[in-house]
Amino acid sequence: MPRPEQEVDICFRKHTETGAGGRHILQGICRDRSRRSAHAARSMSRLEQEVGTCCREYAKTGAREKGKKKHAAPRLNERILSSLSRRSVAAHPWHDLEIGPEAPAVFNVVVKITKGSKVKYELDKKTGLIKVDRILYSSVVYPHNYGFIPRTLCKDNDPMDVLVLMQVPVLPGCFLRARAIGLMTIIDQGGKDNKIIAVCADDPEFHHFNNLTELSPHHLAEIRHFFENYKKNENKEVAVNEFLPAATAQEAIQYSMDLYAEYTLQTLRQ
């Protein structure tokens with residue numbers, strides 16, 4: 001079985017192993033960055049130069065390979081086929097879905113787990129499908145819809161996790177727009193596993209919330225109780241330390257976006 005860091009390496013390589021695939025992801029990253037401040041734009045320009053160099057090298061390699069074949073596949077097909085397999089045209093929700101033009105304030109979230117569910121779903125990094133990891137051992141259910149932010153990367157080699165407050169449950173695998181209102185700091189079995197708390201940007205009952213201080217103390221107590229108890233019957237210890245403001249949450253999202261861009265660029269260079 002591959003280690004987590006090997007798993008994420010495989011996932012990144014599958015989406016950057018052709019010039020078209022790597023260019024598709026990094027162009028999206030650059031589009032996101034181009035909508036930010038002048039300082040960020042300058043950083044984006046440097047990144048674009050590096051991306052351009054990598055893509056030109058890939059293009060030369062691809063041209064040599066195409067010269068050996070009479071019938072070359074279109075570039076779009078190359079990207080699709082390299083992303084998954086020669087029998088599938090499905091997109092990968094972590095890499096192919098853009099984070100959104102207003103990130104890190106408002107961003108896309110791919111829902112993994114439905115509000116009220118006792119099923120622990122996970123993203124299968126190799127295929128991009130949502131798989132059943134386990135049924136929760138404790139007598140609790142997820143208090144809100146739970147998912148991840150595309151094109152982000154945390155130090156645990158996973159995308160950034162998000163708990164999305166909204167009125168109704170939504171199906172696993174769909175995506176929605178969310179706005180960060182806080183950060184929940186968690187120690188899970190000795191390691192940091194912080195999670196963004198957000199509201200659905202298109203839910204009229206929740207979209208006006210801007211910070212955790214606007215929620216009732218009981219609401220936060222319910223969230224804390226769930227995460228501190230949902231692994232207890234597995235003999236795994238989880239501690240919720242504190243709830244931090246929206247500004248800290250946005251900083252954490254921005255850091256995970258930058259880490260994803262850096263990792264993708266390193267993978268292209270290899």
# chains A, B, ... in the order shown; residues from 1 in each chain; ligands from 1

call {"tool": "residues_around", "arguments": {"residues": "Leu215 in chain A", "least_positions_apart": "5", "cutoff": "12 Å", "atoms": "only C-alpha atoms", "output": "JSON, numbers by chain"}}
result
{"A": [165, 181, 182, 197, 198, 199, 206, 208, 209, 210, 220, 221, 222, 223, 243, 245]}

call {"tool": "residues_around", "arguments": {"residues": "Met257 in chain A", "least_positions_apart": "2", "cutoff": "9 Å", "atoms": "only C-alpha atoms", "output": "compact mmCIF listing (two decimals) with C-alpha atoms, in the first residue's frame"}}
result
# COMPACT_ATOMS: atom_id res chain seq x y z
CA ILE A 29 -4.13 28.59 -10.89
CA ILE A 99 -11.24 27.14 -6.80
CA PRO A 104 -9.79 32.80 -0.61
CA PRO A 150 -10.22 22.04 -4.96
CA ARG A 151 -6.67 23.02 -5.92
CA THR A 152 -5.52 23.33 -2.32
CA LEU A 153 -2.97 21.22 -0.45
CA CYS A 154 -2.27 20.87 3.26
CA ALA A 252 -5.03 29.25 5.85
CA ILE A 253 -6.86 28.85 2.53
CA GLN A 254 -4.39 31.15 0.75
CA TYR A 255 -1.47 29.15 2.16
CA LEU A 259 1.28 25.08 -1.52
CA TYR A 260 -0.79 23.37 -4.22
CA ALA A 261 0.65 25.64 -6.93
CA GLU A 262 4.20 25.05 -5.69

call {"tool": "select_by_dssp", "arguments": {"residues": "range 68-240 of chain A", "states": "strand (DSSP E or B)", "output": "CSV table (one decimal) with N, CA and C atoms, in the first residue's frame"}}
result
chain,number,residue,atom,x,y,z
A,106,VAL,N,-14.4,33.7,-1.1
A,106,VAL,CA,-15.5,32.8,-1.5
A,106,VAL,C,-14.8,31.8,-2.5
A,107,PHE,N,-15.2,30.6,-2.3
A,107,PHE,CA,-14.5,29.5,-3.0
A,107,PHE,C,-15.4,28.3,-3.3
A,108,ASN,N,-15.1,27.4,-4.2
A,108,ASN,CA,-15.8,26.2,-4.5
A,108,ASN,C,-15.5,25.2,-3.4
A,109,VAL,N,-16.5,24.4,-3.1
A,109,VAL,CA,-16.3,23.3,-2.2
A,109,VAL,C,-16.9,22.0,-2.8
A,110,VAL,N,-16.2,20.9,-2.9
A,110,VAL,CA,-16.7,19.6,-3.3
A,110,VAL,C,-17.2,18.9,-2.1
A,111,VAL,N,-18.5,18.6,-2.1
A,111,VAL,CA,-19.1,17.9,-0.9
A,111,VAL,C,-18.7,16.4,-0.9
A,112,LYS,N,-18.2,16.0,0.2
A,112,LYS,CA,-17.9,14.5,0.4
A,112,LYS,C,-19.0,13.8,1.2
A,113,ILE,N,-19.4,14.5,2.3
A,113,ILE,CA,-20.3,13.9,3.3
A,113,ILE,C,-21.5,14.8,3.5
A,119,VAL,N,-22.2,8.0,7.3
A,119,VAL,CA,-21.2,7.4,6.4
A,119,VAL,C,-20.0,8.3,6.2
A,120,LYS,N,-18.8,7.8,6.4
A,120,LYS,CA,-17.6,8.6,6.2
A,120,LYS,C,-17.0,8.3,4.8
A,121,TYR,N,-17.3,9.3,3.9
A,121,TYR,CA,-16.8,9.2,2.6
A,121,TYR,C,-15.4,9.9,2.5
A,122,GLU,N,-14.6,9.4,1.5
A,122,GLU,CA,-13.3,10.0,1.3
A,122,GLU,C,-13.1,10.2,-0.2
A,123,LEU,N,-12.3,11.1,-0.6
A,123,LEU,CA,-11.9,11.3,-2.0
A,123,LEU,C,-10.8,10.2,-2.3
A,130,ILE,N,-15.7,9.5,-5.2
A,130,ILE,CA,-16.0,9.6,-3.7
A,130,ILE,C,-16.3,8.1,-3.3
A,131,LYS,N,-15.4,7.6,-2.4
A,131,LYS,CA,-15.6,6.2,-1.9
A,131,LYS,C,-16.1,6.2,-0.5
A,132,VAL,N,-16.7,5.1,-0.1
A,132,VAL,CA,-17.1,4.8,1.3
A,132,VAL,C,-15.9,4.4,2.0
A,133,ASP,N,-15.4,5.2,3.0
A,133,ASP,CA,-14.3,4.8,3.8
A,133,ASP,C,-14.7,3.9,5.0
A,134,ARG,N,-15.8,4.3,5.7
A,134,ARG,CA,-16.3,3.4,6.8
A,134,ARG,C,-17.6,4.0,7.2
A,135,ILE,N,-18.3,3.3,8.1
A,135,ILE,CA,-19.5,3.8,8.8
A,135,ILE,C,-19.0,4.2,10.2
A,145,ASN,N,-22.9,19.7,6.0
A,145,ASN,CA,-22.2,19.2,4.8
A,145,ASN,C,-20.7,19.4,5.0
A,146,TYR,N,-20.0,18.4,4.5
A,146,TYR,CA,-18.5,18.4,4.8
A,146,TYR,C,-17.8,18.0,3.5
A,147,GLY,N,-16.8,18.8,3.1
A,147,GLY,CA,-16.1,18.5,1.9
A,147,GLY,C,-14.7,19.1,1.9
A,148,PHE,N,-14.2,19.4,0.7
A,148,PHE,CA,-12.8,19.9,0.5
A,148,PHE,C,-12.8,21.0,-0.6
A,161,ASP,N,-10.0,20.8,4.2
A,161,ASP,CA,-11.3,20.3,4.6
A,161,ASP,C,-12.2,21.5,5.0
A,162,VAL,N,-13.5,21.4,4.7
A,162,VAL,CA,-14.4,22.5,5.0
A,162,VAL,C,-15.7,21.9,5.6
A,163,LEU,N,-16.3,22.5,6.6
A,163,LEU,CA,-17.6,22.2,7.1
A,163,LEU,C,-18.5,23.3,6.7
A,164,VAL,N,-19.5,23.0,5.9
A,164,VAL,CA,-20.3,24.1,5.2
A,164,VAL,C,-21.7,24.1,5.9
A,165,LEU,N,-22.0,25.3,6.6
A,165,LEU,CA,-23.3,25.5,7.2
A,165,LEU,C,-24.3,25.9,6.2
A,175,PHE,N,-20.7,20.2,-6.1
A,175,PHE,CA,-19.9,21.3,-5.5
A,175,PHE,C,-20.8,22.6,-5.4
A,176,LEU,N,-20.4,23.4,-4.5
A,176,LEU,CA,-21.1,24.7,-4.2
A,176,LEU,C,-20.2,25.8,-3.8
A,177,ARG,N,-20.7,27.0,-3.8
A,177,ARG,CA,-19.9,28.2,-3.4
A,177,ARG,C,-20.0,28.4,-1.9
A,178,ALA,N,-18.9,28.6,-1.2
A,178,ALA,CA,-18.9,28.8,0.2
A,178,ALA,C,-18.1,30.0,0.6
A,179,ARG,N,-18.3,30.6,1.8
A,179,ARG,CA,-17.5,31.7,2.3
A,179,ARG,C,-17.0,31.3,3.7
A,180,ALA,N,-15.7,31.5,3.9
A,180,ALA,CA,-15.1,31.1,5.2
A,180,ALA,C,-15.6,32.1,6.3
A,181,ILE,N,-16.0,31.6,7.4
A,181,ILE,CA,-16.3,32.4,8.6
A,181,ILE,C,-15.5,32.1,9.8
A,182,GLY,N,-14.6,31.1,9.7
A,182,GLY,CA,-13.7,30.8,10.8
A,182,GLY,C,-12.9,29.5,10.5
A,183,LEU,N,-12.0,29.3,11.5
A,183,LEU,CA,-11.1,28.1,11.4
A,183,LEU,C,-11.2,27.4,12.7
A,184,MET,N,-11.4,26.0,12.6
A,184,MET,CA,-11.4,25.2,13.8
A,184,MET,C,-10.1,24.4,13.9
A,185,THR,N,-9.3,24.7,15.0
A,185,THR,CA,-8.0,24.0,15.1
A,185,THR,C,-8.2,22.7,15.8
A,186,ILE,N,-7.7,21.6,15.2
A,186,ILE,CA,-7.9,20.3,15.7
A,186,ILE,C,-6.6,19.5,15.8
A,187,ILE,N,-6.4,18.7,16.8
A,187,ILE,CA,-5.3,17.8,16.9
A,187,ILE,C,-5.9,16.4,16.8
A,188,ASP,N,-5.7,15.7,15.7
A,188,ASP,CA,-6.2,14.4,15.4
A,188,ASP,C,-5.1,13.4,15.5
A,191,GLY,N,-1.6,14.9,15.4
A,191,GLY,CA,-1.2,15.7,14.3
A,191,GLY,C,-2.3,16.8,14.0
A,192,LYS,N,-1.9,17.9,13.4
A,192,LYS,CA,-2.8,19.0,13.1
A,192,LYS,C,-3.7,18.6,12.0
A,195,LYS,N,-9.7,22.7,10.2
A,195,LYS,CA,-10.8,22.6,9.2
A,195,LYS,C,-11.4,24.0,9.1
A,196,ILE,N,-11.8,24.4,7.9
A,196,ILE,CA,-12.5,25.7,7.7
A,196,ILE,C,-13.9,25.5,8.0
A,197,ILE,N,-14.5,26.5,8.7
A,197,ILE,CA,-15.9,26.5,8.9
A,197,ILE,C,-16.5,27.6,8.0
A,198,ALA,N,-17.4,27.3,7.1
A,198,ALA,CA,-17.9,28.2,6.1
A,198,ALA,C,-19.4,28.1,6.0
A,199,VAL,N,-20.0,29.1,5.3
A,199,VAL,CA,-21.4,29.1,5.0
A,199,VAL,C,-21.6,29.0,3.5
A,200,CYS,N,-22.7,28.4,3.1
A,200,CYS,CA,-23.1,28.4,1.7
A,200,CYS,C,-23.4,29.8,1.2
A,238,VAL,N,-9.3,12.8,19.4
A,238,VAL,CA,-9.4,14.1,18.7
A,238,VAL,C,-9.7,15.2,19.6
A,239,ALA,N,-8.9,16.3,19.6
A,239,ALA,CA,-9.1,17.4,20.5
A,239,ALA,C,-9.4,18.7,19.6
A,240,VAL,N,-10.5,19.4,19.9
A,240,VAL,CA,-10.7,20.6,19.3
A,240,VAL,C,-10.2,21.7,20.2
